[in-house]
Amino acid sequence: MKRFLLPCLAMIGLLVLVVERSASGHELSGYVEGEVRLFPENPNFPRQRDQSASFAVKPEYYHEFESGSSFTFVPFFRLDSADSKRTHFDVRELTYLWLHDDFELRLGVRKEFWGVTEVLHLVDIINQTDLVENFDGEQKLGQPMVNLSIARDWGTLDLFVLPFFRERTFPGQKGRLRFNLVVDTDQAQYESAAEEWHTDWAARYSHTLGDWDAGIYYFIGTSRDPSFTFGTDGPGNPVILPVYQQIQQTGLDVSYVAGNWLWKLEALYRKGQGDRRGLTRNDYVAATGGFEYTFTGIFDSRMDLGVVAEYLFDDRKDFALTPFENDVAGALRLAVNDAASTEVLFGWVQDIDTDARFIFLEASRRLGDDWTLELELRTFLDQPPAAFLFALRDDDLLQLVLQYHF
Amino acid sequence: MNISRALIISLLLAGAAFPLSASAMTPDQKGLAIAVEDDKRDNGFLDYKADAIMVLKNRQGDESTRYLRFKTLEVQGDGDKNLTIFDRPRDIKKTAFLNFTHPLGDDDQWLYLPALKRVKRISSSNKSGPFVGSEFAYEDITSQEVKKYTYKWLRDEEYRGQKSFVVEQVPAYENSGYTRRVVWIDQDKYRTLKVDFYDRKNALLKTLTYAGYQKYLNQYWYPDEMYMVNHQTGKSTRLIWKNYTFRTGLSNKHFNKNSLKRAR
């Protein structure tokens, strides 16, 4: 990580010296958390644990200059009792944002999210997934970048230069929610001779017209999703090797709001990626979309109930590197709208071709002013041997997270 | 052109030449004339920023406090643009809410979720929903536009020592949680003093009182405090305004998705 942090800091330092005159505000915030994970079913693979306890901290330092430009530093660290691979450090953000009258230049390590759907974030591509953090893929590693953003009446144009690639994190020997063999991240392979120093590019145009929000982008560079091959580790144990191929991807995201209805679509076309059979390239189309309808003030109360229905598609079908190749998903989101901001999300993802399904419940609320409590339940049901998640069939999970915010 | 729009325009053109005490006006005309005059007096502030503290109190007296900041841009010919930034509770720090008000029809709304760095378009038809768990509904905090209601002057009345108009306002937009609002407006400076809210069953639901009006830019009256009591649940929310600054140079580019993402 030092390899990209030092150049990054040097560039930010230089720009700040050139552009900024004086400082106007400092701010330190963030959270510390304790987390307990329980896996009620016996593990399928040797050395996997039934429970884990972990501690994480994510402070955020923010400094605003007189000009409105800013510097942000967000490190993250987790210490996990069960899985040494889950014990990890990351720089989530280390950014200088140059706020100019005509543009924003964002330089450094950042997170950039694209997408509109709820169950799967299909077109989100800039950041690598921090998979050991959460199976849902919503936790991301910081991505070094130069991002120029130009917002005008005709829309917003974002240009990205991504000079350094981040490898996906995978659970280790003792971790749950993994394949039968461990993914050996020390032996990551690259199609490009430049390996993680390959420069990736992306351009995105997005616009809002009344009830429509839409974005379209082109990405060329190292795939954030590895393909896989087999090998052995130092002692000669069989392992899975992640292979990062060069891809070109066009992505689209659209949302349309009409009264209580929100309609959403994400779609992509990717060239250059292998599939479950190996590294042979197989160009493909994937899409996900559906609606969210909100019932407000249900049962004469203050509560809102959102109903989400989405379809998930990948034309690689059974060879897709995802469990969501022909699935329907339904979810209920209850917002209690109380002082504690209590929220409950219940979801069900059903494979259309088999009985395989994946059910989850997420609930959260505030305790007092500074604490939050989150509960997460996940269960994998009726996964047939050929299913992508077959190895995770006994990894039902109950997770409790208590956070203190400062 | 419908009748009410024609009337608004003719009233705007006539301006002060149309004395509100004119007995020739029907109660509906007089109610509308008061709203038009009120709107006219609020016109031209261009933009403002303000900090707010919201103290939520339940029936048992337990308190919970929110710190927010508001930025508002006046838009001629349409509703105002608002950006709301949350500072506390700390777990929702940096969450921000962007609203383009439209006098009729649904507003355009986006929510920024800092944990995912996600800007999400949200359905704005939930006008009656509670704003951050408070007793203020979304429709209470978005900007007030003449066309949002139909009006009926009820009576003149002394309220807290001030000669006031009492006007009934019936929401002209869909999905309101109210059948009507009854508003006390002082006759001298057209400041809203009190609002009674009637729920969908036409029962008294909430009362909002305004206190500590201050004059800004030698012209515009803004309250230091708004106190909302829910008569049906016993809950209340005190909204305390601080650090109003006007004409700060805000423009359209401060109210887009990029500015929503970096709002703080």
# chains A, B, ... in the order shown; residues from 1 in each chain; ligands from 1

call {"tool": "select_by_dssp", "arguments": {"residues": "region 51-143 of chain B", "states": "strand (DSSP E or B)", "output": "count of residues only"}}
result
44

call {"tool": "interface_residues", "arguments": {"of": "chain B", "to": "chain A", "cutoff": "6 Å", "atoms": "only C-alpha atoms", "output": "short mmCIF file (atom, residue, chain, number, x, y, z; two decimals) with C-alpha atoms, in the first residue's frame"}}
result
data_model
loop_
_atom_site.label_atom_id
_atom_site.label_comp_id
_atom_site.auth_asym_id
_atom_site.auth_seq_id
_atom_site.Cartn_x
_atom_site.Cartn_y
_atom_site.Cartn_z
CA PRO B 89 -26.53 12.51 15.52
CA ARG B 90 -22.99 11.60 14.51
CA ASP B 91 -23.96 8.35 12.79
CA LYS B 117 -21.06 7.45 -1.16
CA ARG B 118 -24.37 6.97 -2.91
CA SER B 123 -39.82 9.48 -4.04
CA SER B 125 -44.76 11.82 -2.65
CA GLY B 133 -38.15 11.42 13.11
#

call {"tool": "residues_around", "arguments": {"residues": "Ala211 (chain B)", "least_positions_apart": "3", "cutoff": "8 Å", "atoms": "only C-alpha atoms", "output": "ChimeraX atom specification"}}
result
/B:193,223-226

call {"tool": "write_last_selection", "arguments": {"atoms": "N, CA, C and O atoms", "output": "PDB file, in the first residue's frame"}}
result
ATOM      1  N   LEU B 193     -47.552  33.530  12.745  1.00  0.00           N
ATOM      2  CA  LEU B 193     -47.394  33.440  14.197  1.00  0.00           C
ATOM      3  C   LEU B 193     -47.728  32.052  14.716  1.00  0.00           C
ATOM      4  O   LEU B 193     -47.141  31.577  15.673  1.00  0.00           O
ATOM      5  N   PRO B 223     -37.977  33.674  11.932  1.00  0.00           N
ATOM      6  CA  PRO B 223     -38.094  33.351  13.354  1.00  0.00           C
ATOM      7  C   PRO B 223     -36.826  32.689  13.900  1.00  0.00           C
ATOM      8  O   PRO B 223     -36.130  32.010  13.169  1.00  0.00           O
ATOM      9  N   ASP B 224     -36.565  32.898  15.178  1.00  0.00           N
ATOM     10  CA  ASP B 224     -35.470  32.192  15.848  1.00  0.00           C
ATOM     11  C   ASP B 224     -35.899  30.797  16.281  1.00  0.00           C
ATOM     12  O   ASP B 224     -35.073  29.935  16.521  1.00  0.00           O
ATOM     13  N   GLU B 225     -37.212  30.632  16.422  1.00  0.00           N
ATOM     14  CA  GLU B 225     -37.672  29.377  16.980  1.00  0.00           C
ATOM     15  C   GLU B 225     -39.036  28.986  16.423  1.00  0.00           C
ATOM     16  O   GLU B 225     -39.912  29.825  16.240  1.00  0.00           O
ATOM     17  N   MET B 226     -39.185  27.696  16.152  1.00  0.00           N
ATOM     18  CA  MET B 226     -40.477  27.155  15.732  1.00  0.00           C
ATOM     19  C   MET B 226     -40.760  25.953  16.630  1.00  0.00           C
ATOM     20  O   MET B 226     -39.909  25.081  16.782  1.00  0.00           O
TER      21      MET B 226
END

call {"tool": "atom_distance", "arguments": {"atom1": "CA of Ser206 (chain A)", "atom2": "CA of Ala96 (chain B)"}}
result
19.7 Å

call {"tool": "residues_around", "arguments": {"residues": "Ala137 (chain B)", "least_positions_apart": "2", "cutoff": "12 Å", "atoms": "only C-alpha atoms", "output": "PyMOL selection string"}}
result
(chain A and resi 297+302+337) or (chain B and resi 124-135+139-142+175-178+197+205-206+208+228+230+237)

call {"tool": "closest_residue", "arguments": {"among": "A:Gln399, A:Thr250, A:Gln350, A:Asn44", "to": "Glu374 (chain A)", "atoms": "only C-alpha atoms"}}
result
A:Gln399

call {"tool": "residues_around", "arguments": {"residues": "Lys189 (chain B)", "least_positions_apart": "3", "cutoff": "9 Å", "atoms": "only C-alpha atoms", "output": "list in words"}}
result
Asp38, Arg41, Ile185, Asp186 and Trp221 of chain B

call {"tool": "write_last_selection", "arguments": {"atoms": "N, CA and C atoms", "output": "compact mmCIF listing (two decimals), in the first residue's frame"}}
result
# COMPACT_ATOMS: atom_id res chain seq x y z
N ASP B 38 -48.05 38.22 1.43
CA ASP B 38 -47.06 37.55 2.26
C ASP B 38 -45.89 37.08 1.39
N ARG B 41 -43.72 39.88 0.11
CA ARG B 41 -42.81 40.44 1.10
C ARG B 41 -41.60 39.53 1.35
N ILE B 185 -51.58 35.21 10.85
CA ILE B 185 -50.55 36.06 10.23
C ILE B 185 -50.74 37.48 10.74
N ASP B 186 -49.66 38.09 11.25
CA ASP B 186 -49.86 39.43 11.81
C ASP B 186 -50.06 40.44 10.69
N TRP B 221 -38.42 39.01 7.59
CA TRP B 221 -38.60 38.54 8.97
C TRP B 221 -38.46 37.03 9.04
